[in-house]
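Peer 1: Structure file final.txt, compact mmCIF, C-alpha atoms, is pasted below:
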```txt
# COMPACT_ATOMS: atom_id res chain seq x y z
CA MET A 24 -47.80 23.87 -143.48
CA SER A 25 -51.52 24.31 -144.10
CA PHE A 26 -54.18 22.03 -142.62
CA SER A 27 -54.90 20.72 -146.13
CA SER A 28 -51.23 19.85 -146.72
CA GLU A 29 -51.06 18.09 -143.37
CA VAL A 30 -54.10 15.98 -144.29
CA LYS A 31 -52.50 15.05 -147.63
CA ASN A 32 -49.25 14.09 -145.94
CA GLU A 33 -51.16 11.77 -143.63
CA LEU A 34 -53.06 10.21 -146.54
CA ALA A 35 -49.88 9.81 -148.60
CA ARG A 36 -48.52 7.50 -145.90
CA ILE A 37 -51.38 5.02 -146.33
CA GLU A 38 -50.45 1.91 -148.32
CA PRO A 39 -53.55 0.01 -149.53
CA GLU A 40 -53.22 -3.71 -148.87
CA LYS A 41 -55.69 -5.00 -151.45
CA ASN A 42 -54.87 -4.88 -155.15
CA CYS A 43 -58.34 -3.59 -155.94
CA CYS A 44 -57.87 -0.65 -153.56
CA GLN A 45 -54.43 0.12 -155.00
CA LEU A 46 -55.91 0.33 -158.49
CA ALA A 47 -58.87 2.44 -157.32
CA GLU A 48 -56.59 4.94 -155.60
CA ILE A 49 -54.24 5.16 -158.59
CA SER A 50 -57.26 5.72 -160.83
CA GLY A 51 -58.64 8.56 -158.69
CA PHE A 52 -55.27 10.27 -158.59
CA ILE A 53 -54.49 9.97 -162.32
CA ARG A 54 -58.04 11.04 -163.19
CA THR A 55 -57.69 14.36 -161.31
CA ALA A 56 -53.95 15.10 -161.38
CA GLY A 57 -52.99 13.54 -164.70
CA SER A 58 -52.98 14.49 -168.35
CA LEU A 59 -52.24 12.70 -171.63
CA ARG A 60 -49.37 13.37 -173.98
CA LEU A 61 -49.42 12.18 -177.60
CA GLU A 62 -46.36 10.05 -178.34
CA GLY A 63 -45.08 8.70 -181.63
CA GLY A 64 -47.15 6.15 -183.51
CA GLY A 65 -50.43 7.46 -182.12
CA LYS A 66 -49.66 6.21 -178.62
CA PHE A 67 -50.21 8.13 -175.41
CA GLY A 68 -48.03 8.89 -172.43
CA ILE A 69 -49.26 9.85 -168.96
CA VAL A 70 -48.08 12.97 -167.14
CA VAL A 71 -49.09 13.41 -163.48
CA SER A 72 -48.07 16.46 -161.45
CA THR A 73 -48.29 17.46 -157.81
CA SER A 74 -46.74 20.14 -155.61
CA ASP A 75 -46.23 17.70 -152.73
CA PRO A 76 -43.10 15.51 -152.79
CA ALA A 77 -44.69 13.00 -150.39
CA ILE A 78 -47.56 12.45 -152.81
CA ALA A 79 -45.18 12.06 -155.75
CA ARG A 80 -43.12 9.44 -153.86
CA HIS A 81 -46.30 7.64 -152.77
CA TYR A 82 -47.67 7.18 -156.30
CA LYS A 83 -44.30 6.40 -157.82
CA LYS A 84 -44.11 3.48 -155.37
CA LEU A 85 -47.79 2.51 -155.72
CA ILE A 86 -47.67 2.41 -159.54
CA LYS A 87 -44.44 0.40 -159.43
CA ASN A 88 -45.96 -2.10 -157.01
CA TYR A 89 -49.23 -2.58 -158.87
CA PHE A 90 -48.17 -2.40 -162.53
CA ASP A 91 -44.58 -3.59 -162.08
CA THR A 92 -43.34 -0.68 -164.14
CA PRO A 93 -41.14 2.31 -163.32
CA THR A 94 -42.13 5.96 -163.59
CA GLU A 95 -39.88 8.90 -164.32
CA LEU A 96 -39.86 11.54 -161.60
CA GLU A 97 -38.96 15.09 -162.57
CA ILE A 98 -38.72 18.17 -160.41
CA GLU A 99 -39.75 21.44 -162.02
CA ASP A 100 -38.83 24.74 -160.40
CA ASN A 101 -41.50 27.39 -160.98
CA GLY A 102 -39.02 30.21 -160.35
CA ASN A 103 -41.34 31.48 -157.64
CA LEU A 104 -40.65 30.58 -154.02
CA LYS A 105 -44.31 31.07 -153.07
CA LYS A 106 -45.52 28.57 -155.66
CA GLY A 107 -42.80 26.08 -154.79
CA ARG A 108 -41.84 23.15 -157.01
CA LYS A 109 -43.78 20.73 -159.15
CA TYR A 110 -43.11 17.00 -158.97
CA ILE A 111 -43.95 15.30 -162.24
CA LEU A 112 -44.41 11.58 -162.86
CA ARG A 113 -44.12 10.50 -166.48
CA ILE A 114 -45.21 7.11 -167.84
CA GLY A 115 -44.43 6.44 -171.48
CA PRO A 116 -45.68 3.72 -173.87
CA GLU A 117 -42.58 1.68 -173.08
CA ASN A 118 -43.71 1.58 -169.43
CA LYS A 119 -47.23 0.26 -170.00
CA SER A 120 -48.99 3.62 -170.30
CA GLU A 121 -51.74 2.14 -172.48
CA GLN A 122 -52.32 -0.74 -170.08
CA ILE A 123 -52.49 1.69 -167.16
CA LEU A 124 -54.97 3.95 -168.99
CA ARG A 125 -57.21 0.95 -169.68
CA GLU A 126 -57.06 -0.46 -166.16
CA VAL A 127 -57.80 2.89 -164.48
CA GLY A 128 -60.89 3.30 -166.65
CA ILE A 129 -59.70 6.20 -168.84
CA LEU A 130 -59.03 4.46 -172.17
CA MET A 131 -62.10 2.38 -172.94
CA LEU A 132 -63.31 0.19 -175.78
CA ARG A 133 -66.71 0.49 -177.45
CA LYS A 134 -67.78 -1.41 -180.56
CA GLY A 135 -64.17 -2.16 -181.36
CA ASN A 136 -63.05 1.46 -181.09
CA ASP A 137 -61.02 3.15 -178.36
CA PHE A 138 -62.42 6.22 -176.63
CA PHE A 139 -61.53 8.30 -173.59
CA SER A 140 -63.96 8.23 -170.68
CA ASP A 141 -64.30 11.31 -168.49
CA GLY A 142 -66.27 9.73 -165.67
CA ILE A 143 -65.66 7.11 -162.97
CA TYR A 144 -65.56 3.53 -164.22
CA GLU A 145 -68.01 1.69 -161.97
CA GLY A 146 -65.99 -1.51 -162.09
CA LEU A 147 -63.31 0.21 -159.98
CA VAL A 148 -65.62 1.27 -157.13
CA ARG A 149 -67.96 -1.65 -156.58
CA SER A 150 -66.84 -2.34 -153.01
CA LYS A 151 -66.83 0.06 -150.09
CA CYS A 152 -63.07 -0.25 -149.56
CA CYS A 153 -62.42 0.70 -153.20
CA LYS A 154 -64.76 3.69 -152.96
CA LYS A 155 -62.72 4.92 -149.99
CA ALA A 156 -59.45 4.39 -151.87
CA TYR A 157 -60.75 6.14 -155.01
CA LEU A 158 -61.91 9.11 -152.93
CA ARG A 159 -58.47 9.31 -151.29
CA GLY A 160 -56.82 9.33 -154.73
CA VAL A 161 -59.10 12.12 -155.95
CA PHE A 162 -58.39 14.20 -152.86
CA LEU A 163 -54.63 13.75 -153.19
CA GLY A 164 -54.97 14.74 -156.84
CA SER A 165 -57.19 17.80 -156.61
CA GLY A 166 -58.69 18.16 -153.14
CA THR A 167 -58.37 20.81 -150.47
CA VAL A 168 -59.79 21.25 -146.99
CA SER A 169 -59.91 24.49 -145.00
CA ASP A 170 -58.45 24.90 -141.53
CA PRO A 171 -61.50 24.12 -139.31
CA ALA A 172 -60.46 26.91 -136.94
CA ARG A 173 -61.38 29.35 -139.73
CA ALA A 174 -64.04 27.67 -141.87
CA TYR A 175 -65.63 24.35 -142.75
CA HIS A 176 -65.02 23.62 -146.42
CA LEU A 177 -63.77 20.56 -148.29
CA GLU A 178 -63.68 20.35 -152.08
CA PHE A 179 -62.53 18.29 -155.06
CA ILE A 180 -61.82 20.03 -158.36
CA CYS A 181 -62.94 18.08 -161.43
CA SER A 182 -62.11 18.81 -165.05
CA THR A 183 -65.48 17.67 -166.43
CA LYS A 184 -69.12 17.81 -165.40
CA VAL A 185 -69.45 14.05 -165.87
CA LEU A 186 -66.63 13.37 -163.41
CA ALA A 187 -68.10 15.83 -160.89
CA LYS A 188 -71.52 14.18 -161.10
CA ASP A 189 -70.01 10.71 -160.72
CA LEU A 190 -67.96 11.89 -157.73
CA CYS A 191 -71.07 13.35 -156.06
CA LYS A 192 -72.84 10.06 -156.65
CA LEU A 193 -69.94 8.11 -155.14
CA ILE A 194 -69.76 10.34 -152.05
CA ASN A 195 -73.51 10.16 -151.54
CA THR A 196 -73.39 6.35 -151.37
CA PHE A 197 -71.87 6.71 -147.89
CA VAL A 198 -74.41 6.96 -145.06
CA ASP A 199 -75.16 10.50 -143.85
CA LEU A 200 -72.88 12.11 -146.46
CA SER A 201 -73.97 14.66 -149.05
CA ALA A 202 -71.89 16.64 -151.53
CA LYS A 203 -72.88 19.45 -153.87
CA MET A 204 -71.49 20.59 -157.20
CA VAL A 205 -70.82 24.04 -158.63
CA GLU A 206 -69.08 25.33 -161.75
CA ARG A 207 -66.14 27.66 -161.13
CA LYS A 208 -63.84 29.15 -163.78
CA GLY A 209 -64.42 26.39 -166.28
CA LYS A 210 -63.95 23.64 -163.66
CA TYR A 211 -66.53 21.68 -161.69
CA VAL A 212 -66.15 21.68 -157.92
CA VAL A 213 -67.63 19.02 -155.67
CA TYR A 214 -67.82 20.40 -152.16
CA MET A 215 -69.26 20.11 -148.65
CA LYS A 216 -69.49 22.73 -145.92
CA LYS A 217 -70.92 20.88 -142.93
CA ALA A 218 -68.37 20.03 -140.26
CA ALA A 219 -69.92 16.59 -139.72
CA TYR A 220 -69.65 15.74 -143.43
CA ILE A 221 -66.04 16.88 -143.56
CA SER A 222 -65.14 14.90 -140.46
CA ASP A 223 -66.75 11.74 -141.88
CA THR A 224 -65.03 12.24 -145.25
CA LEU A 225 -61.61 12.62 -143.63
CA ALA A 226 -62.28 9.41 -141.68
CA ILE A 227 -63.42 7.58 -144.84
CA MET A 228 -60.21 8.56 -146.65
CA GLY A 229 -58.08 7.51 -143.65
CA ALA A 230 -56.96 10.87 -142.18
CA HIS A 231 -57.84 9.79 -138.65
CA SER A 232 -55.44 12.06 -136.75
CA HIS A 233 -56.92 15.09 -138.52
CA VAL A 234 -60.43 13.90 -137.73
CA LEU A 235 -59.41 14.20 -134.07
CA ALA A 236 -57.94 17.65 -134.73
CA LEU A 237 -61.19 18.79 -136.36
CA GLU A 238 -63.30 17.35 -133.54
CA ASP A 239 -61.08 19.16 -131.02
CA VAL A 240 -61.76 22.46 -132.80
CA LEU A 241 -65.50 21.73 -132.82
CA ILE A 242 -65.50 21.02 -129.08
CA ARG A 243 -63.55 24.20 -128.28
CA LYS A 244 -65.87 26.28 -130.47
CA GLN A 245 -68.89 24.72 -128.81
CA MET A 246 -67.51 25.47 -125.34
CA ARG A 247 -66.80 29.08 -126.30
CA GLY A 248 -70.30 29.37 -127.72
CA GLU A 249 -71.86 27.97 -124.55
CA ALA A 250 -69.81 30.36 -122.42
CA ALA A 251 -70.87 33.31 -124.58
CA ARG A 252 -74.53 32.27 -124.40
CA MET A 253 -74.31 31.95 -120.61
CA THR A 254 -72.68 35.38 -120.36
CA ASN A 255 -75.32 36.92 -122.61
CA CYS A 256 -78.06 35.22 -120.62
CA ASP A 257 -76.62 36.50 -117.33
CA SER A 258 -76.34 40.01 -118.77
CA ALA A 259 -79.92 39.90 -120.02
CA ASN A 260 -81.17 38.68 -116.65
CA THR A 261 -79.24 41.43 -114.85
CA ASP A 262 -80.71 44.05 -117.18
CA ARG A 263 -84.23 42.76 -116.53
CA ILE A 264 -83.68 42.77 -112.75
CA LEU A 265 -82.34 46.33 -112.80
CA ASP A 266 -85.18 47.56 -115.03
CA ALA A 267 -87.79 46.00 -112.75
CA ALA A 268 -86.02 47.26 -109.63
CA GLY A 269 -85.96 50.77 -111.07
CA MET A 270 -89.73 50.73 -111.59
CA GLN A 271 -90.29 49.37 -108.09
CA ILE A 272 -88.05 51.99 -106.41
CA GLU A 273 -89.78 54.72 -108.42
CA ALA A 274 -93.14 53.44 -107.12
CA ILE A 275 -91.82 53.45 -103.54
CA ASN A 276 -90.59 57.04 -103.87
CA LYS A 277 -93.96 58.06 -105.32
CA LEU A 278 -95.80 56.55 -102.34
CA LYS A 279 -93.47 58.32 -99.91
CA ALA A 280 -93.90 61.65 -101.67
CA ALA A 281 -97.69 61.31 -101.44
CA GLY A 282 -97.54 60.39 -97.75
CA ARG A 283 -99.01 56.98 -98.44
CA PHE A 284 -95.98 54.83 -97.65
CA ASP A 285 -96.51 54.66 -93.89
CA GLN A 286 -100.11 53.54 -94.50
CA LEU A 287 -98.90 50.36 -96.19
CA SER A 288 -98.84 47.04 -94.35
CA HIS A 289 -95.72 45.98 -92.50
CA LYS A 290 -95.03 43.27 -95.12
CA LEU A 291 -95.08 45.78 -97.97
CA ARG A 292 -92.89 48.29 -96.11
CA GLU A 293 -90.45 45.49 -95.30
CA ILE A 294 -90.08 44.36 -98.92
CA ALA A 295 -89.87 47.98 -100.07
CA ALA A 296 -86.94 48.63 -97.71
CA LEU A 297 -85.13 45.53 -98.96
CA ARG A 298 -85.66 46.58 -102.58
CA GLU A 299 -84.34 50.10 -101.97
CA ASN A 300 -81.22 48.75 -100.30
CA ASN A 301 -80.67 45.94 -102.84
CA PRO A 302 -81.63 47.18 -106.34
CA GLU A 303 -79.53 44.48 -108.04
CA ALA A 304 -80.99 41.54 -106.06
CA SER A 305 -83.23 38.98 -107.74
CA LEU A 306 -86.64 38.01 -106.37
CA VAL A 307 -85.15 34.81 -104.98
CA GLU A 308 -82.40 36.73 -103.19
CA LEU A 309 -84.90 39.22 -101.73
CA GLY A 310 -87.00 36.34 -100.45
CA GLU A 311 -84.00 34.83 -98.70
CA MET A 312 -83.34 38.14 -96.90
CA LEU A 313 -86.78 38.08 -95.24
CA ASP A 314 -87.39 36.52 -91.84
CA PRO A 315 -88.99 34.09 -92.26
CA PRO A 316 -87.79 33.56 -95.88
CA LEU A 317 -90.34 33.95 -98.65
CA LYS A 318 -90.61 32.19 -101.99
CA LYS A 319 -90.09 33.99 -105.30
CA SER A 320 -93.83 34.09 -106.03
CA GLY A 321 -94.55 35.68 -102.65
CA VAL A 322 -91.90 38.39 -103.16
CA ASN A 323 -93.26 39.10 -106.63
CA ASN A 324 -96.78 39.39 -105.27
CA ARG A 325 -95.75 41.97 -102.64
CA LEU A 326 -93.81 44.07 -105.18
CA LYS A 327 -96.81 43.99 -107.53
CA LYS A 328 -98.97 45.39 -104.73
CA LEU A 329 -96.47 48.23 -104.29
CA LEU A 330 -96.72 49.04 -108.01
CA GLU A 331 -100.53 48.90 -107.89
CA ALA A 332 -100.66 51.19 -104.87
CA ALA A 333 -98.45 53.73 -106.68
CA SER A 334 -100.52 53.52 -109.87
CA GLU A 335 -103.69 54.40 -107.90
CA LEU A 336 -102.14 57.76 -107.12
CA GLY A 337 -102.41 58.67 -110.82
```
Take the structure I supplied and represent it as structure tokens, if you would.
Peer 2:
Amino acid sequence: MSFSSEVKNELARIEPEKNCCQLAEISGFIRTAGSLRLEGGGKFGIVVSTSDPAIARHYKKLIKNYFDTPTELEIEDNGNLKKGRKYILRIGPENKSEQILREVGILMLRKGNDFFSDGIYEGLVRSKCCKKAYLRGVFLGSGTVSDPARAYHLEFICSTKVLAKDLCKLINTFVDLSAKMVERKGKYVVYMKKAAYISDTLAIMGAHSHVLALEDVLIRKQMRGEAARMTNCDSANTDRILDAAGMQIEAINKLKAAGRFDQLSHKLREIAALRENNPEASLVELGEMLDPPLKKSGVNNRLKKLLEAASELG
């Protein structure tokens, strides 16, 4: 099971306690996963489909509880094992389809005439708890989230630009959250790519166990990154030490070849001998080998004098 499916299974187990939250979640789900079917007498039926049986069971129960009306559940086999099955909820005129469409903010009234709205009815998302429930419904209807071990990406697919803009606006009402919108193959996608945004959104919708899973991935990635940086830093330091040591040993050999080495002071000959025998040692380590020990700056000063003496030879 994918990370996205696991998140949806967790969310499908949440049962909103407040009536307002139940309606908001039903609205978000029908808005993104539902379609209308023209029935006899100019009336409309509602058809909602999902590939997840847990989601189908969840909304069958939620709609029954809130509207006190049954829904027909059908299972459609795609004939393709990879695509799996479709679980379809049908609500006809005899089961309050018109009432449901009005209450979820899809069938609206203006100047005495009915019209279909393609945005989010603000009356459904006035409170913070209802915004969370609506967002959960939209995600269960058309959302996906990538496995954080591979990428950070969460998105909601919207059928209209108006709905996508309204969804961005709703998401951006939460502190420190920001969503963007893009058109893709005739659909409008509301998405976020920052791990912090995705984590907060999962928490807002109620997928708390998967928030912990995402945070665990982030911590492990951070630890691996720190380890890699430390390794790279150590490698770079070693390379610098060896490069400097090579120049210093070359200077020592040049002084010896010119017969000038024995004319150097005892302190310079002493540090030169240590450097020749310990080309990989740092300045601090060379200083600790001296008797009495010498600080890093003192060791560096002596080695600089060796280089200067060699450079005077031309």
Peer 1: Within 8 Å of Ile78 in chain A, counting only C-alpha atoms, which residues qualify if same-chain residues fewer than 5 places away don't, as a list in words?
Peer 2: Lys31, Asn32, Ala35, Thr73 and Leu163 of chain A
Peer 1: Have a look at CA of Asp189 in chain A and CA of Phe67 in chain A and let me know their distance in Å, one decimal.
Peer 2: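 The value is 24.8 Å.
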Peer 1: Could you give me, as a list of chain:residue names, the residues within 8 Å of Thr94 in chain A, counting all atoms listed in the file and dropping anything in the same chain fewer than 4 positions from it?
Peer 2: A:Lys83, A:Ile86, A:Lys87, A:Leu112, A:Arg113, A:Ile114, A:Asn118
Peer 1: Find the residue from A:Leu61, A:Ala333, A:Ala156, A:Leu186 that sits nearest to Ala226 in chain A; use all atoms listed in the file when measuring.
Peer 2: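 Of A:Leu61, A:Ala333, A:Ala156, A:Leu186, the one nearest Ala226 in chain A, counting all atoms listed in the file, is A:Ala156.
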Peer 1: Pick out the residues sitting within 7 Å of Tyr214 in chain A, and hand them over as number ranges by chain; count only C-alpha atoms, and ignore anything fewer than 4 positions along from it in its own chain.
Peer 2: A: 177-179, 202-204
Peer 1: Do you have the CA of Val234 in chain A-CA of Ser222 in chain A distance handy?
Peer 2: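 Rounded to one decimal, the two atoms are 5.5 Å apart.
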Peer 1: What is the CA of Phe139 in chain A to CA of Met228 in chain A distance in Å?
Peer 2: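 Between CA of Phe139 in chain A and CA of Met228 in chain A the gap is 27.0 Å.
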Peer 1: Please list as a ChimeraX atom specification every residue within 10 Å of Gly68 in chain A, counting only C-alpha atoms and excluding residues in the same chain fewer than 2 positions away.
Peer 2: /A:58-63,66,70,113-121,123-124
Peer 1: Could you tell me which of A:Ala172, A:Leu190, A:Leu132, A:Leu297 comes closest to Gly160 in chain A if we count only C-alpha atoms?
Peer 2: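 Once distances to Gly160 in chain A are computed over only C-alpha atoms, the minimum belongs to A:Leu190.
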Peer 1: Which neighbours of range 316-319 of chain A fall inside 6 Å, counting all atoms listed in the file, when residues of the same chain fewer than 3 positions from it are skipped, and could you give them as an NGL selection string?
Peer 2: :A and (306-307 or 310-311 or 313 or 322)
Peer 1: Using only C-alpha atoms, find the one residue out of A:Ser27, A:Gln271, A:Glu40, A:Ser50 that sits nearest to Ser334 in chain A.
Peer 2: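 Result for the nearest residue to Ser334 in chain A: A:Gln271.
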Peer 1: Using all atoms listed in the file, find the one residue out of A:Val213, A:Ala295, A:Cys43, A:Val148 that sits nearest to Lys328 in chain A.
Peer 2: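 Nearest to Lys328 in chain A: A:Ala295.
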Peer 1: Using all atoms listed in the file, which of A:Asp239, A:Asp199, A:Glu95, A:Glu29 sits nearest Thr224 in chain A?
Peer 2: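 Closest to Thr224 in chain A of all the choices is A:Asp199.
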Peer 1: Closest to Glu238 in chain A among A:Ile194, A:Cys44, A:Leu34, A:Ile221, using all atoms listed in the file?
Peer 2: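 Selected residue with least distance to Glu238 in chain A: A:Ile221.
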Peer 1: Place N, CA, C and O atoms on range 195-206 of chain A and deliver the coordinates as an mmCIF file, in the frame of the given file.
Peer 2:
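Result file follows (out_32.cif):
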```cif
data_model
loop_
_atom_site.group_PDB
_atom_site.id
_atom_site.type_symbol
_atom_site.label_atom_id
_atom_site.label_comp_id
_atom_site.auth_asym_id
_atom_site.auth_seq_id
_atom_site.Cartn_x
_atom_site.Cartn_y
_atom_site.Cartn_z
ATOM 1 N N ASN A 195 -72.178 10.289 -152.119
ATOM 2 C CA ASN A 195 -73.510 10.160 -151.540
ATOM 3 C C ASN A 195 -73.913 8.713 -151.269
ATOM 4 O O ASN A 195 -74.961 8.468 -150.663
ATOM 5 N N THR A 196 -73.090 7.750 -151.705
ATOM 6 C CA THR A 196 -73.390 6.350 -151.370
ATOM 7 C C THR A 196 -73.030 6.050 -149.915
ATOM 8 O O THR A 196 -73.485 5.048 -149.365
ATOM 9 N N PHE A 197 -72.208 6.903 -149.307
ATOM 10 C CA PHE A 197 -71.870 6.710 -147.890
ATOM 11 C C PHE A 197 -73.003 7.266 -147.022
ATOM 12 O O PHE A 197 -73.582 8.322 -147.328
ATOM 13 N N VAL A 198 -73.303 6.568 -145.953
ATOM 14 C CA VAL A 198 -74.410 6.960 -145.060
ATOM 15 C C VAL A 198 -74.154 8.333 -144.457
ATOM 16 O O VAL A 198 -73.046 8.635 -143.996
ATOM 17 N N ASP A 199 -75.194 9.167 -144.471
ATOM 18 C CA ASP A 199 -75.160 10.500 -143.850
ATOM 19 C C ASP A 199 -74.145 11.450 -144.489
ATOM 20 O O ASP A 199 -73.686 12.395 -143.845
ATOM 21 N N LEU A 200 -73.758 11.196 -145.747
ATOM 22 C CA LEU A 200 -72.880 12.110 -146.460
ATOM 23 C C LEU A 200 -73.621 12.724 -147.642
ATOM 24 O O LEU A 200 -74.410 12.053 -148.302
ATOM 25 N N SER A 201 -73.354 13.983 -147.906
ATOM 26 C CA SER A 201 -73.970 14.660 -149.050
ATOM 27 C C SER A 201 -73.027 15.715 -149.579
ATOM 28 O O SER A 201 -72.523 16.541 -148.824
ATOM 29 N N ALA A 202 -72.771 15.665 -150.889
ATOM 30 C CA ALA A 202 -71.890 16.640 -151.530
ATOM 31 C C ALA A 202 -72.673 17.396 -152.598
ATOM 32 O O ALA A 202 -73.627 16.882 -153.173
ATOM 33 N N LYS A 203 -72.255 18.626 -152.849
ATOM 34 C CA LYS A 203 -72.880 19.450 -153.870
ATOM 35 C C LYS A 203 -71.861 19.789 -154.950
ATOM 36 O O LYS A 203 -70.658 19.638 -154.761
ATOM 37 N N MET A 204 -72.363 20.284 -156.067
ATOM 38 C CA MET A 204 -71.490 20.590 -157.200
ATOM 39 C C MET A 204 -71.758 22.003 -157.687
ATOM 40 O O MET A 204 -72.890 22.474 -157.699
ATOM 41 N N VAL A 205 -70.684 22.688 -158.089
ATOM 42 C CA VAL A 205 -70.820 24.040 -158.630
ATOM 43 C C VAL A 205 -69.744 24.230 -159.706
ATOM 44 O O VAL A 205 -68.661 23.648 -159.629
ATOM 45 N N GLU A 206 -70.060 25.023 -160.714
ATOM 46 C CA GLU A 206 -69.080 25.330 -161.750
ATOM 47 C C GLU A 206 -68.307 26.576 -161.355
ATOM 48 O O GLU A 206 -68.885 27.564 -160.910
#
```
